[in-house]
$ cat entry-v7.json   # JSON, C-alpha atoms
[["chain", "number", "residue", "atom", "x", "y", "z"],
["A", 1, "MET", "CA", 256.72, 222.01, 202.09],
["A", 2, "LYS", "CA", 253.28, 220.63, 202.95],
["A", 3, "TYR", "CA", 252.19, 220.87, 199.32],
["A", 4, "CYS", "CA", 255.51, 219.61, 197.96],
["A", 5, "TRP", "CA", 254.12, 216.18, 197.01],
["A", 6, "MET", "CA", 251.11, 217.81, 195.37],
["A", 7, "THR", "CA", 253.34, 220.14, 193.36],
["A", 8, "LEU", "CA", 255.46, 217.25, 192.14],
["A", 9, "LEU", "CA", 252.46, 215.16, 191.15],
["A", 10, "LEU", "CA", 250.67, 218.10, 189.54],
["A", 11, "GLY", "CA", 253.79, 219.10, 187.66],
["A", 12, "SER", "CA", 254.33, 215.62, 186.30],
["A", 13, "ALA", "CA", 250.67, 215.35, 185.36],
["A", 14, "LEU", "CA", 250.68, 218.59, 183.41],
["A", 15, "CYS", "CA", 253.99, 217.96, 181.63],
["A", 16, "GLY", "CA", 252.87, 214.79, 179.89],
["A", 17, "CYS", "CA", 254.66, 213.18, 176.97],
["A", 18, "ASN", "CA", 253.09, 215.17, 174.15],
["A", 19, "SER", "CA", 255.54, 215.82, 171.33],
["A", 20, "SER", "CA", 253.55, 218.83, 170.16],
["A", 21, "SER", "CA", 255.22, 222.21, 170.59],
["A", 22, "ALA", "CA", 251.90, 223.74, 171.60],
["A", 23, "GLY", "CA", 252.71, 223.22, 175.29],
["A", 24, "PRO", "CA", 250.60, 221.57, 177.98],
["A", 25, "PRO", "CA", 246.84, 221.41, 177.49],
["A", 26, "GLN", "CA", 244.82, 224.26, 178.96],
["A", 27, "LEU", "CA", 242.77, 222.80, 181.78],
["A", 28, "GLU", "CA", 239.78, 224.64, 183.18],
["A", 29, "ALA", "CA", 239.10, 224.59, 186.91],
["A", 30, "PHE", "CA", 235.61, 224.94, 188.33],
["A", 31, "PRO", "CA", 234.87, 226.28, 191.84],
["A", 32, "VAL", "CA", 234.50, 223.59, 194.49],
["A", 33, "LYS", "CA", 233.69, 224.17, 198.14],
["A", 34, "GLY", "CA", 231.92, 222.43, 200.98],
["A", 35, "VAL", "CA", 231.86, 221.53, 204.64],
["A", 36, "VAL", "CA", 233.45, 218.55, 206.39],
["A", 37, "THR", "CA", 232.00, 217.26, 209.65],
["A", 38, "LEU", "CA", 233.13, 214.45, 211.94],
["A", 39, "ASP", "CA", 230.42, 212.85, 214.04],
["A", 40, "GLY", "CA", 228.14, 215.81, 213.31],
["A", 41, "LYS", "CA", 230.66, 218.52, 214.34],
["A", 42, "PRO", "CA", 232.78, 220.76, 212.06],
["A", 43, "LEU", "CA", 236.23, 219.31, 211.38],
["A", 44, "PRO", "CA", 238.88, 222.08, 211.38],
["A", 45, "GLY", "CA", 242.41, 221.65, 210.05],
["A", 46, "ALA", "CA", 241.69, 218.77, 207.64],
["A", 47, "GLU", "CA", 243.23, 218.48, 204.17],
["A", 48, "VAL", "CA", 240.60, 217.83, 201.49],
["A", 49, "VAL", "CA", 242.05, 216.47, 198.23],
["A", 50, "PHE", "CA", 240.21, 215.85, 194.94],
["A", 51, "MET", "CA", 242.10, 213.70, 192.41],
["A", 52, "THR", "CA", 241.10, 213.19, 188.79],
["A", 53, "GLY", "CA", 242.28, 210.38, 186.57],
["A", 54, "GLU", "CA", 242.84, 211.91, 183.13],
["A", 55, "PRO", "CA", 244.91, 213.92, 183.14],
["A", 56, "PRO", "CA", 246.01, 213.04, 186.68],
["A", 57, "THR", "CA", 245.46, 216.22, 188.68],
["A", 58, "ILE", "CA", 245.26, 217.09, 192.36],
["A", 59, "CYS", "CA", 243.38, 220.04, 193.86],
["A", 60, "ALA", "CA", 243.34, 220.58, 197.60],
["A", 61, "GLY", "CA", 242.02, 222.76, 200.37],
["A", 62, "ARG", "CA", 242.18, 222.99, 204.16],
["A", 63, "THR", "CA", 239.11, 223.18, 206.37],
["A", 64, "ASN", "CA", 238.53, 226.27, 208.50],
["A", 65, "ASP", "CA", 237.28, 226.26, 212.11],
["A", 66, "ASP", "CA", 233.70, 225.84, 210.84],
["A", 67, "GLY", "CA", 234.69, 222.84, 208.67],
["A", 68, "SER", "CA", 234.34, 224.77, 205.41],
["A", 69, "TYR", "CA", 236.87, 224.42, 202.59],
["A", 70, "GLU", "CA", 237.57, 225.67, 199.06],
["A", 71, "LEU", "CA", 239.82, 223.81, 196.63],
["A", 72, "HIS", "CA", 242.95, 225.32, 195.10],
["A", 73, "GLY", "CA", 245.21, 224.04, 192.37],
["A", 74, "LEU", "CA", 245.98, 224.22, 188.68],
["A", 75, "ALA", "CA", 248.61, 226.93, 188.57],
["A", 76, "GLY", "CA", 246.98, 229.06, 191.26],
["A", 77, "ARG", "CA", 243.43, 228.82, 189.92],
["A", 78, "ASP", "CA", 240.77, 227.89, 192.44],
["A", 79, "GLY", "CA", 238.65, 224.79, 191.95],
["A", 80, "ALA", "CA", 238.87, 221.32, 190.45],
["A", 81, "LEU", "CA", 238.62, 219.74, 187.03],
["A", 82, "GLN", "CA", 235.23, 218.62, 185.76],
["A", 83, "GLY", "CA", 234.42, 214.93, 186.12],
["A", 84, "ALA", "CA", 234.81, 212.04, 188.52],
["A", 85, "CYS", "CA", 237.21, 212.60, 191.41],
["A", 86, "LYS", "CA", 238.51, 210.36, 194.14],
["A", 87, "VAL", "CA", 238.50, 212.28, 197.43],
["A", 88, "THR", "CA", 240.65, 211.91, 200.52],
["A", 89, "ILE", "CA", 240.30, 213.81, 203.77],
["A", 90, "SER", "CA", 243.17, 213.71, 206.23],
["A", 91, "ARG", "CA", 243.68, 215.37, 209.59],
["A", 92, "ARG", "CA", 247.07, 214.99, 211.21],
["A", 93, "VAL", "CA", 247.81, 216.29, 214.67],
["A", 94, "LYS", "CA", 250.94, 216.73, 216.75],
["A", 95, "PRO", "CA", 251.63, 214.33, 219.64],
["A", 96, "ASP", "CA", 250.01, 216.83, 222.04],
["A", 97, "GLY", "CA", 246.78, 216.76, 219.98],
["A", 98, "THR", "CA", 247.11, 220.21, 218.43],
["A", 99, "PRO", "CA", 246.61, 220.57, 214.68],
["A", 100, "LEU", "CA", 249.51, 221.17, 212.33],
["A", 101, "GLY", "CA", 250.34, 224.73, 211.43],
["A", 102, "PRO", "CA", 250.18, 225.71, 207.76],
["A", 103, "ASP", "CA", 253.96, 225.49, 207.32],
["A", 104, "GLU", "CA", 254.62, 222.39, 209.43],
["A", 105, "ALA", "CA", 255.53, 219.10, 207.76],
["A", 106, "PRO", "CA", 253.84, 216.11, 209.45],
["A", 107, "ALA", "CA", 257.05, 214.05, 209.57],
["A", 108, "ASN", "CA", 259.01, 216.89, 211.20],
["A", 109, "VAL", "CA", 256.67, 217.16, 214.18],
["A", 110, "GLY", "CA", 255.72, 213.49, 214.63],
["A", 111, "ALA", "CA", 252.12, 214.03, 213.50],
["A", 112, "ALA", "CA", 249.60, 211.19, 213.54],
["A", 113, "GLU", "CA", 246.53, 210.68, 211.36],
["A", 114, "GLN", "CA", 243.24, 211.12, 213.22],
["A", 115, "LEU", "CA", 240.86, 209.86, 210.55],
["A", 116, "PRO", "CA", 240.20, 206.25, 209.51],
["A", 117, "PRO", "CA", 241.89, 205.00, 206.31],
["A", 118, "LYS", "CA", 238.48, 204.87, 204.57],
["A", 119, "TYR", "CA", 238.77, 208.68, 204.40],
["A", 120, "SER", "CA", 242.47, 209.49, 204.67],
["A", 121, "ARG", "CA", 244.30, 206.98, 202.45],
["A", 122, "TYR", "CA", 244.16, 207.11, 198.67],
["A", 123, "ASP", "CA", 244.14, 203.33, 198.31],
["A", 124, "ALA", "CA", 241.33, 202.89, 200.85],
["A", 125, "SER", "CA", 239.16, 206.00, 200.51],
["A", 126, "THR", "CA", 235.46, 205.46, 199.91],
["A", 127, "LEU", "CA", 234.89, 209.15, 199.16],
["A", 128, "SER", "CA", 234.21, 210.50, 195.68],
["A", 129, "ALA", "CA", 232.70, 213.49, 193.89],
["A", 130, "ASN", "CA", 231.54, 214.20, 190.36],
["A", 131, "VAL", "CA", 232.38, 217.83, 189.60],
["A", 132, "PRO", "CA", 229.98, 219.41, 187.06],
["A", 133, "ALA", "CA", 231.03, 222.04, 184.50],
["A", 134, "ASP", "CA", 229.94, 224.88, 186.77],
["A", 135, "GLY", "CA", 231.60, 223.49, 189.92],
["A", 136, "GLY", "CA", 229.68, 222.70, 193.05],
["A", 137, "THR", "CA", 229.35, 222.23, 196.76],
["A", 138, "PHE", "CA", 230.46, 218.90, 198.21],
["A", 139, "ASP", "CA", 229.81, 218.29, 201.89],
["A", 140, "PHE", "CA", 231.30, 215.26, 203.63],
["A", 141, "ALA", "CA", 229.78, 213.85, 206.86],
["A", 142, "LEU", "CA", 232.47, 211.59, 208.34],
["A", 143, "THR", "CA", 232.21, 209.25, 211.32],
["A", 144, "SER", "CA", 234.92, 208.20, 213.77],
["A", 145, "ASN", "CA", 234.39, 204.50, 213.17]]

$ encode --input "entry-v7.json" --output "structure tokens"
Amino acid sequence: MKYCWMTLLLGSALCGCNSSSAGPPQLEAFPVKGVVTLDGKPLPGAEVVFMTGEPPTICAGRTNDDGSYELHGLAGRDGALQGACKVTISRRVKPDGTPLGPDEAPANVGAAEQLPPKYSRYDASTLSANVPADGGTFDFALTSN
């Protein structure tokens, strides 16, 4: 359920309106990984999302205890599309401060966003990445304010 919105958006992006019977274009994903820190400390349990413009595609990953992440998307292939990506990083926690479990929907447990909108909201994020043809490592050093 947590990736439901990503699946819907990815599915609509890959379907397109092409009248050709050749099917959807074959998109190549390149490996993307990195580390996310908050105020100099690893940020576990954060959702890292890379979004491309054309075709609109979303690839996402979740940070581990050490803040490291790897992106997944594109029909199960790991990585992201080549080119400019808008990036959001979100970390929602339950009312008691514990992170969400992998199968918990934020709305079902009353989760609240811990990160400022300049990282967590698509319309306000100041984060970006330019993924080269061979993929890459993208580290993000976030601050609380």

$ residues_around --input "entry-v7.json" --residues "segment 120-126 of chain A" --least-positions-apart "6" --cutoff "8 Å" --atoms "all atoms listed in the file" --output "list in words"
Lys86, Val87, Thr88, Ile89, Ser90, Arg91 and Glu113 of chain A

$ write_last_selection --input "entry-v7.json" --atoms "C-alpha atoms" --output "mmCIF file, keeping the file's coordinate frame"
data_model
loop_
_atom_site.group_PDB
_atom_site.id
_atom_site.type_symbol
_atom_site.label_atom_id
_atom_site.label_comp_id
_atom_site.auth_asym_id
_atom_site.auth_seq_id
_atom_site.Cartn_x
_atom_site.Cartn_y
_atom_site.Cartn_z
ATOM 1 C CA LYS A 86 238.510 210.360 194.140
ATOM 2 C CA VAL A 87 238.500 212.280 197.430
ATOM 3 C CA THR A 88 240.650 211.910 200.520
ATOM 4 C CA ILE A 89 240.300 213.810 203.770
ATOM 5 C CA SER A 90 243.170 213.710 206.230
ATOM 6 C CA ARG A 91 243.680 215.370 209.590
ATOM 7 C CA GLU A 113 246.530 210.680 211.360
#

$ residues_around --input "entry-v7.json" --residues "Gly61 of chain A" --least-positions-apart "2" --cutoff "12 Å" --atoms "all atoms listed in the file" --output "ChimeraX atom specification"
/A:2-3,6,31-36,44-50,58-59,63-64,67-73,78-80,87-91,102

$ write_last_selection --input "entry-v7.json" --atoms "C-alpha atoms" --output "compact mmCIF listing (two decimals), in the frame of the given file"
# COMPACT_ATOMS: atom_id res chain seq x y z
CA LYS A 2 253.28 220.63 202.95
CA TYR A 3 252.19 220.87 199.32
CA MET A 6 251.11 217.81 195.37
CA PRO A 31 234.87 226.28 191.84
CA VAL A 32 234.50 223.59 194.49
CA LYS A 33 233.69 224.17 198.14
CA GLY A 34 231.92 222.43 200.98
CA VAL A 35 231.86 221.53 204.64
CA VAL A 36 233.45 218.55 206.39
CA PRO A 44 238.88 222.08 211.38
CA GLY A 45 242.41 221.65 210.05
CA ALA A 46 241.69 218.77 207.64
CA GLU A 47 243.23 218.48 204.17
CA VAL A 48 240.60 217.83 201.49
CA VAL A 49 242.05 216.47 198.23
CA PHE A 50 240.21 215.85 194.94
CA ILE A 58 245.26 217.09 192.36
CA CYS A 59 243.38 220.04 193.86
CA THR A 63 239.11 223.18 206.37
CA ASN A 64 238.53 226.27 208.50
CA GLY A 67 234.69 222.84 208.67
CA SER A 68 234.34 224.77 205.41
CA TYR A 69 236.87 224.42 202.59
CA GLU A 70 237.57 225.67 199.06
CA LEU A 71 239.82 223.81 196.63
CA HIS A 72 242.95 225.32 195.10
CA GLY A 73 245.21 224.04 192.37
CA ASP A 78 240.77 227.89 192.44
CA GLY A 79 238.65 224.79 191.95
CA ALA A 80 238.87 221.32 190.45
CA VAL A 87 238.50 212.28 197.43
CA THR A 88 240.65 211.91 200.52
CA ILE A 89 240.30 213.81 203.77
CA SER A 90 243.17 213.71 206.23
CA ARG A 91 243.68 215.37 209.59
CA PRO A 102 250.18 225.71 207.76

$ atom_distance --input "entry-v7.json" --atom1 "atom CA of Asp65 of chain A" --atom2 "atom CA of Pro42 of chain A"
7.1 Å

$ atom_distance --input "entry-v7.json" --atom1 "atom CA of Ala60 of chain A" --atom2 "atom CA of Ala84 of chain A"
15.1 Å

$ closest_residue --input "entry-v7.json" --among "A:Leu43, A:Pro116, A:Gly136, A:Pro99" --to "Asp66 of chain A" --atoms "all atoms listed in the file"
A:Leu43

$ atom_distance --input "entry-v7.json" --atom1 "atom CA of Thr37 of chain A" --atom2 "atom CA of Leu142 of chain A"
5.8 Å

$ closest_residue --input "entry-v7.json" --among "A:Asn130, A:Asn145, A:Asn108, A:Gln114" --to "Val93 of chain A" --atoms "all atoms listed in the file"
A:Gln114
